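Asks: Following this line is coords05.txt, made up of compact mmCIF, C-alpha atoms:
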# COMPACT_ATOMS: atom_id res chain seq x y z
CA MET A 1342 187.15 34.30 231.70
CA ALA A 1343 184.87 32.03 229.71
CA GLU A 1344 182.09 32.92 232.13
CA GLY A 1345 182.45 36.64 231.42
CA TRP A 1346 182.31 36.08 227.72
CA PHE A 1347 179.19 33.93 228.04
CA ARG A 1348 177.48 36.68 230.09
CA GLN A 1349 178.22 39.30 227.40
CA ILE A 1350 176.47 37.13 224.81
CA LEU A 1351 173.42 36.85 227.03
CA ARG A 1352 173.31 40.65 227.49
CA LYS A 1353 173.52 41.42 223.68
CA PRO A 1354 170.25 43.15 222.75
CA LYS A 1355 168.07 41.55 220.16
CA LYS A 1356 167.51 43.25 216.81
CA ARG A 1357 164.27 45.22 216.66
CA HIS A 1358 162.11 45.28 213.53
CA MET A 1359 161.74 48.88 212.34
CA GLN A 1360 158.16 49.98 211.89
CA PRO A 1361 157.48 52.23 208.97
CA ASP A 1362 156.71 55.81 209.92
CA THR A 1363 153.14 56.55 208.97
CA ASN A 1364 153.73 60.33 208.99
CA THR A 1365 155.61 60.85 205.70
CA LYS A 1366 153.99 64.07 204.56
CA ASP A 1367 156.89 66.27 205.54
CA VAL A 1368 159.61 64.08 204.03
CA PRO A 1369 160.28 65.00 200.37
CA GLU A 1370 160.78 62.12 198.01
CA PRO A 1371 163.78 62.19 195.75
CA PRO A 1372 162.87 62.79 192.10
CA SER A 1373 162.57 59.66 190.05
CA GLN A 1374 164.53 59.17 186.87
CA SER A 1375 161.31 59.12 184.87
CA SER A 1376 160.24 62.60 186.02
CA SER A 1377 160.13 65.13 183.15
CA LEU A 1378 162.77 67.83 182.90
CA PRO A 1379 161.83 71.50 182.69
CA GLU A 1380 160.78 72.61 179.23
CA THR A 1381 163.86 74.76 178.77
CA GLN A 1382 166.08 71.69 179.21
CA GLU A 1383 164.03 69.48 176.90
CA SER A 1384 164.17 71.94 173.97
CA PRO A 1385 166.86 70.97 171.46
CA TRP A 1386 169.75 73.37 171.08
CA VAL A 1387 169.65 75.23 167.78
CA PRO A 1388 173.00 76.76 166.75
CA THR A 1389 173.06 80.39 165.64
CA PRO A 1390 174.36 80.78 162.07
CA SER A 1391 177.86 82.17 162.11
CA PRO A 1392 178.97 85.03 159.83
CA ALA A 1393 180.97 82.47 157.86
CA ASP A 1394 177.78 80.47 157.15
CA THR A 1395 175.99 83.64 155.99
CA GLU A 1396 178.90 84.58 153.73
CA SER A 1397 178.93 81.05 152.34
CA ARG A 1398 175.24 81.22 151.41
CA SER A 1399 175.80 84.64 149.84
CA SER A 1400 178.74 83.28 147.86
CA ASP A 1401 176.67 80.30 146.66
CA SER A 1402 173.95 82.69 145.47
CA ARG A 1403 176.45 84.80 143.54
CA TRP A 1404 178.08 81.91 141.69
CA SER A 1405 174.73 80.47 140.61
CA LYS A 1406 174.96 82.91 137.66
CA THR A 1407 177.77 83.52 135.18
CA TYR A 1408 177.49 87.32 135.45
CA ASP A 1409 176.41 89.75 138.13
CA VAL A 1410 175.02 92.28 135.64
CA CYS A 1411 174.26 92.56 131.95
CA VAL A 1412 174.47 96.12 130.58
CA CYS A 1413 172.10 97.07 127.74
CA HIS A 1414 172.75 100.27 125.79
CA SER A 1415 172.81 102.01 122.45
CA GLU A 1416 175.97 101.79 120.38
CA HIS A 1417 176.07 105.60 120.39
CA ASP A 1418 176.55 105.53 124.18
CA LEU A 1419 179.49 103.14 124.20
CA MET A 1420 181.90 105.60 125.86
CA PRO A 1421 179.80 106.43 128.96
CA VAL A 1422 178.75 102.78 129.20
CA GLN A 1423 182.40 101.72 129.27
CA GLU A 1424 182.90 104.15 132.16
CA LEU A 1425 179.96 102.54 133.97
CA VAL A 1426 181.31 99.03 133.42
CA SER A 1427 184.80 100.09 134.54
CA TYR A 1428 183.26 101.44 137.75
CA LEU A 1429 181.19 98.31 138.39
CA GLU A 1430 184.15 96.00 137.78
CA GLY A 1431 186.53 98.09 139.90
CA GLU A 1432 187.64 97.10 143.38
CA PRO A 1433 186.60 96.76 146.10
CA ASN A 1434 183.81 94.27 145.46
CA GLY A 1435 184.12 94.28 141.69
CA LEU A 1436 181.17 92.90 139.72
CA ARG A 1437 181.22 90.52 136.76
CA CYS A 1438 179.74 92.48 133.86
CA PHE A 1439 178.53 91.41 130.44
CA LEU A 1440 178.99 94.07 127.76
CA HIS A 1441 177.55 92.91 124.47
CA LEU A 1442 180.11 94.43 122.10
CA ARG A 1443 182.96 93.23 124.30
CA ASP A 1444 181.88 89.83 125.63
CA ALA A 1445 179.63 88.24 122.99
CA ALA A 1446 181.10 85.13 121.39
CA PRO A 1447 182.42 85.83 117.86
CA GLY A 1448 180.13 84.21 115.30
CA GLY A 1449 177.24 83.90 117.76
CA ALA A 1450 173.78 85.12 116.85
CA ILE A 1451 173.22 88.60 118.28
CA VAL A 1452 169.79 87.87 119.74
CA SER A 1453 170.85 84.49 121.16
CA GLU A 1454 173.96 85.96 122.76
CA LEU A 1455 171.92 88.73 124.40
CA CYS A 1456 169.17 86.42 125.70
CA GLN A 1457 171.72 83.96 127.04
CA ALA A 1458 173.64 86.73 128.81
CA MET A 1459 170.47 88.09 130.42
CA GLY A 1460 169.46 84.64 131.60
CA ASN A 1461 172.92 84.10 133.08
CA SER A 1462 173.01 87.47 134.93
CA HIS A 1463 171.64 88.40 138.34
CA CYS A 1464 170.67 91.89 137.10
CA CYS A 1465 170.22 93.84 133.91
CA VAL A 1466 171.09 97.55 133.68
CA LEU A 1467 169.30 99.60 131.02
CA PHE A 1468 171.42 102.64 130.14
CA ILE A 1469 168.57 104.88 128.96
CA THR A 1470 169.48 107.93 126.90
CA SER A 1471 167.93 109.73 123.93
CA HIS A 1472 169.80 107.30 121.67
CA PHE A 1473 168.38 104.34 123.61
CA LEU A 1474 164.81 105.60 123.13
CA GLN A 1475 165.28 106.02 119.35
CA ASP A 1476 166.85 102.59 118.77
CA PRO A 1477 164.46 99.66 118.04
CA TRP A 1478 167.18 97.22 119.09
CA CYS A 1479 167.39 98.91 122.51
CA LYS A 1480 163.61 98.66 122.90
CA TYR A 1481 163.90 94.94 122.20
CA GLN A 1482 166.59 94.66 124.88
CA MET A 1483 164.35 96.49 127.34
CA LEU A 1484 161.36 94.21 126.69
CA GLN A 1485 163.57 91.14 126.83
CA ALA A 1486 164.97 92.22 130.19
CA LEU A 1487 161.44 92.60 131.57
CA SER A 1488 160.39 89.20 130.24
CA GLU A 1489 163.41 87.47 131.84
CA ALA A 1490 162.12 88.17 135.37
CA PRO A 1491 158.58 89.62 135.30
CA GLY A 1492 157.67 91.19 138.63
CA SER A 1493 161.10 90.42 140.10
CA GLU A 1494 162.18 93.53 141.99
CA GLY A 1495 165.74 94.62 141.38
CA HIS A 1496 166.45 92.39 138.39
CA THR A 1497 166.01 95.24 135.90
CA ILE A 1498 167.72 98.50 136.89
CA PRO A 1499 166.92 101.52 134.67
CA LEU A 1500 169.63 104.19 134.66
CA LEU A 1501 168.26 107.43 133.20
CA ALA A 1502 171.08 109.55 131.76
CA GLY A 1503 170.64 113.05 130.33
CA LEU A 1504 166.84 112.80 130.16
CA ALA A 1505 163.96 114.46 131.98
CA ARG A 1506 161.53 112.42 134.06
CA SER A 1507 158.82 112.97 131.43
CA GLU A 1508 160.97 111.06 128.90
CA TYR A 1509 161.11 107.92 131.05
CA PRO A 1510 159.82 104.95 128.95
CA PRO A 1511 156.16 104.15 129.75
CA GLU A 1512 156.99 100.43 129.78
CA LEU A 1513 159.06 101.04 132.94
CA ARG A 1514 156.73 103.43 134.78
CA PHE A 1515 155.92 100.75 137.39
CA MET A 1516 159.51 100.70 138.68
CA PHE A 1517 161.92 103.28 140.13
CA TYR A 1518 164.92 104.36 138.12
CA VAL A 1519 168.38 105.55 139.08
CA ASP A 1520 168.96 109.22 138.30
CA GLY A 1521 172.14 109.44 136.24
CA ASN A 1522 172.42 113.22 136.50
CA GLY A 1523 174.13 113.19 139.91
CA LEU A 1524 177.79 113.63 140.81
CA ASP A 1525 178.75 110.01 140.15
CA ASN A 1526 176.21 109.60 137.31
CA GLY A 1527 174.26 107.16 139.47
CA PHE A 1528 176.99 104.52 139.20
CA GLY A 1529 177.24 104.03 142.97
CA LYS A 1530 173.51 103.42 143.33
CA VAL A 1531 173.56 100.90 140.51
CA LYS A 1532 176.41 98.98 142.12
CA LYS A 1533 174.69 98.81 145.52
CA THR A 1534 171.48 97.56 143.91
CA VAL A 1535 173.31 94.79 142.06
CA TRP A 1536 175.04 93.74 145.30
CA ARG A 1537 171.73 93.42 147.13
CA TYR A 1538 169.88 91.59 144.39
CA ARG A 1539 172.79 89.23 143.81
CA ASP A 1540 172.93 88.41 147.53
CA GLY A 1541 169.19 87.84 147.81
CA ASP A 1542 168.17 91.18 149.36
CA PRO A 1543 166.83 93.36 146.51
CA PHE A 1544 165.63 96.42 148.44
CA GLY A 1545 165.07 95.36 152.04
CA LYS A 1546 167.94 95.08 154.52
CA GLY A 1547 170.91 96.47 152.63
CA PRO A 1548 172.09 100.07 152.89
CA GLY A 1549 171.51 102.76 150.33
CA ARG A 1550 167.77 102.78 149.77
CA ASP A 1551 166.86 106.39 149.16
CA PHE A 1552 163.66 107.10 147.26
CA LYS A 1553 162.89 110.74 146.53
CA GLY A 1554 159.75 111.81 144.70
CA GLU A 1555 157.69 109.69 142.36
CA GLY A 1556 158.87 107.71 139.37
CA HIS A 1557 162.59 107.90 140.04
CA TRP A 1558 165.22 106.69 142.44
CA SER A 1559 167.58 109.53 143.21
CA ALA A 1560 171.31 108.94 143.43
How would this structure read if it were set down as structure tokens?
Replies:
Amino acid sequence: MAEGWFRQILRKPKKRHMQPDTNTKDVPEPPSQSSSLPETQESPWVPTPSPADTESRSSDSRWSKTYDVCVCHSEHDLMPVQELVSYLEGEPNGLRCFLHLRDAAPGGAIVSELCQAMGNSHCCVLFITSHFLQDPWCKYQMLQALSEAPGSEGHTIPLLAGLARSEYPPELRFMFYVDGNGLDNGFGKVKKTVWRYRDGDPFGKGPGRDFKGEGHWSA
């Protein structure tokens, strides 16, 4: 039995040294860890802003000012102006309005109160009537509104009420006005314009832009 075991040891083949195969062209090499990834995988992922983020930015823009709109008018037009303000402040999406005779601080200087309100408002509405054109104080308000944001589209919104186009103030001829002779007296157009300017989109992407003819913005 020991003999048989000894013979098996003698028959055990010796280990052969493997020679490297010189023909390696057809054998693909595994990718190394240092190899670069495709460009689409290397690009960082950029999240798409959610509607909540957009609404948050819009909200931040709105609350950067005390008022959404400052309404300038003649004292003789107080009744129709109160109707305008009631419409702008009404729901849905009510606006924060400054009406001089209603909201000015008692004891405050008239000019200071007006200038402060304009500076703290996203927009200024000029309620232009025959009384407005005849009142030096209204002309001051108009010039002050233009000086608050020169060249800023949408900040000053002229609302022409009961006047012909030829009576439109020459100081405002470079900008469109809202025609107040329509069914809703132009109130709806004014409100949409304030929304867009307040949210950082004066006349571009928002709905409601409807220019008709020259020198006026038809409601």
Asks: Of the candidates A:Pro1447, A:Gly1431, A:Gly1460, A:Gly1495, which shows the shortest atom-to-atom distance to Gly1529 of chain A, using only C-alpha atoms?
Replies: A:Gly1431
Asks: Can you work out which one of A:Ala1502, A:Ala1458, A:Leu1442, A:Val1452 has the shortest atom-to-atom distance to Ser1471 of chain A, counting all atoms listed in the file?
Replies: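 Ranked by minimum distance to Ser1471 of chain A, first place goes to A:Ala1502.
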Asks: For a quick check of understanding, using all atoms listed in the file, which of A:Glu1454, A:Met1459, A:Gly1541, A:Asp1409 has the smallest distance to Asn1434 of chain A?
Replies: A:Asp1409
Asks: Near Leu1484 of chain A, counting only C-alpha atoms, which residues have an atom at most 9 Å away, once you skip same-chain residues fewer than 5 positions from it, shown as a ChimeraX atom specification?
Replies: /A:1479,1489,1512
Asks: Identify which of the residues A:Leu1513, A:Leu1467, A:Ala1445, A:Asn1461 lies closest to Val1422 of chain A, counting only C-alpha atoms when measuring atom-to-atom distances.
Replies: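 So, comparing all the options, the nearest one is A:Leu1467.
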Asks: Using Å and a single decimal, report how far atom CA of Gln1423 of chain A sits from atom CA of Cys1465 of chain A.
Replies: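 If I compute the distance from atom CA of Cys1465 of chain A to atom CA of Gln1423 of chain A, I get 15.2 Å.
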Asks: Pick out the closest residue to Leu1501 of chain A from this set: A:Tyr1428, A:Leu1440, A:His1414, A:Leu1487. Count all atoms listed in the file.
Replies: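 Using all atoms listed in the file, Leu1501 of chain A sits closest to A:His1414.
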Asks: What does the distance between atom CA of Thr1497 of chain A and atom CA of Ala1446 of chain A come to in Å, to one decimal place?
Replies: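 One can read the atom CA of Thr1497 of chain A to atom CA of Ala1446 of chain A distance as 23.2 Å.
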Asks: From (175.2, 103.9, 123.9), in the file's coordinates, out to 6 Å: which residues are reached, counting all atoms listed in the file? Answer as a list in words.
Replies: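 Every polymer residue passing the test: His1414, Ser1415, Glu1416, His1417, Asp1418 and Leu1419 of chain A.
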Asks: For Lys1532 of chain A, please output as a tab-separated table (two decimals) with C-alpha atoms, in the coordinates of the input all residues within 12 Å (counting all atoms listed in the file; exclusion window: fewer than 6 positions along the same chain).
Replies:
chain	number	residue	atom	x	y	z
A	1409	ASP	CA	176.41	89.75	138.13
A	1410	VAL	CA	175.02	92.28	135.64
A	1425	LEU	CA	179.96	102.54	133.97
A	1426	VAL	CA	181.31	99.03	133.42
A	1427	SER	CA	184.80	100.09	134.54
A	1428	TYR	CA	183.26	101.44	137.75
A	1429	LEU	CA	181.19	98.31	138.39
A	1430	GLU	CA	184.15	96.00	137.78
A	1431	GLY	CA	186.53	98.09	139.90
A	1432	GLU	CA	187.64	97.10	143.38
A	1433	PRO	CA	186.60	96.76	146.10
A	1434	ASN	CA	183.81	94.27	145.46
A	1435	GLY	CA	184.12	94.28	141.69
A	1436	LEU	CA	181.17	92.90	139.72
A	1437	ARG	CA	181.22	90.52	136.76
A	1438	CYS	CA	179.74	92.48	133.86
A	1464	CYS	CA	170.67	91.89	137.10
A	1465	CYS	CA	170.22	93.84	133.91
A	1466	VAL	CA	171.09	97.55	133.68
A	1495	GLY	CA	165.74	94.62	141.38
A	1498	ILE	CA	167.72	98.50	136.89
A	1500	LEU	CA	169.63	104.19	134.66
A	1519	VAL	CA	168.38	105.55	139.08
A	1525	ASP	CA	178.75	110.01	140.15
A	1526	ASN	CA	176.21	109.60	137.31
A	1538	TYR	CA	169.88	91.59	144.39
A	1539	ARG	CA	172.79	89.23	143.81
A	1543	PRO	CA	166.83	93.36	146.51
A	1548	PRO	CA	172.09	100.07	152.89
A	1549	GLY	CA	171.51	102.76	150.33
A	1560	ALA	CA	171.31	108.94	143.43
Asks: What is the atom CA of Gly1527 of chain A-atom CA of Ile1451 of chain A distance in Å, reported with one decimal?
Replies: 28.2 Å
Asks: Of the residues A:Cys1413, A:Ser1462, A:Gly1448, A:Gly1523, which is the one nearest to Gln1482 of chain A, using only C-alpha atoms?
Replies: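 Between A:Cys1413, A:Ser1462, A:Gly1448, A:Gly1523, the residue approaching Gln1482 of chain A most closely is A:Cys1413.
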Asks: Can you sort out the box for segment 1473-1478 of chain A, edges along x, y and z, all listed atoms in, 5 Å on every side, with centre and edge lengths in Å to one decimal, as lines of an AutoDock Vina configuration file?
Replies:
center_x = 166.4
center_y = 101.6
center_z = 120.8
size_x = 13.9
size_y = 18.8
size_z = 15.6
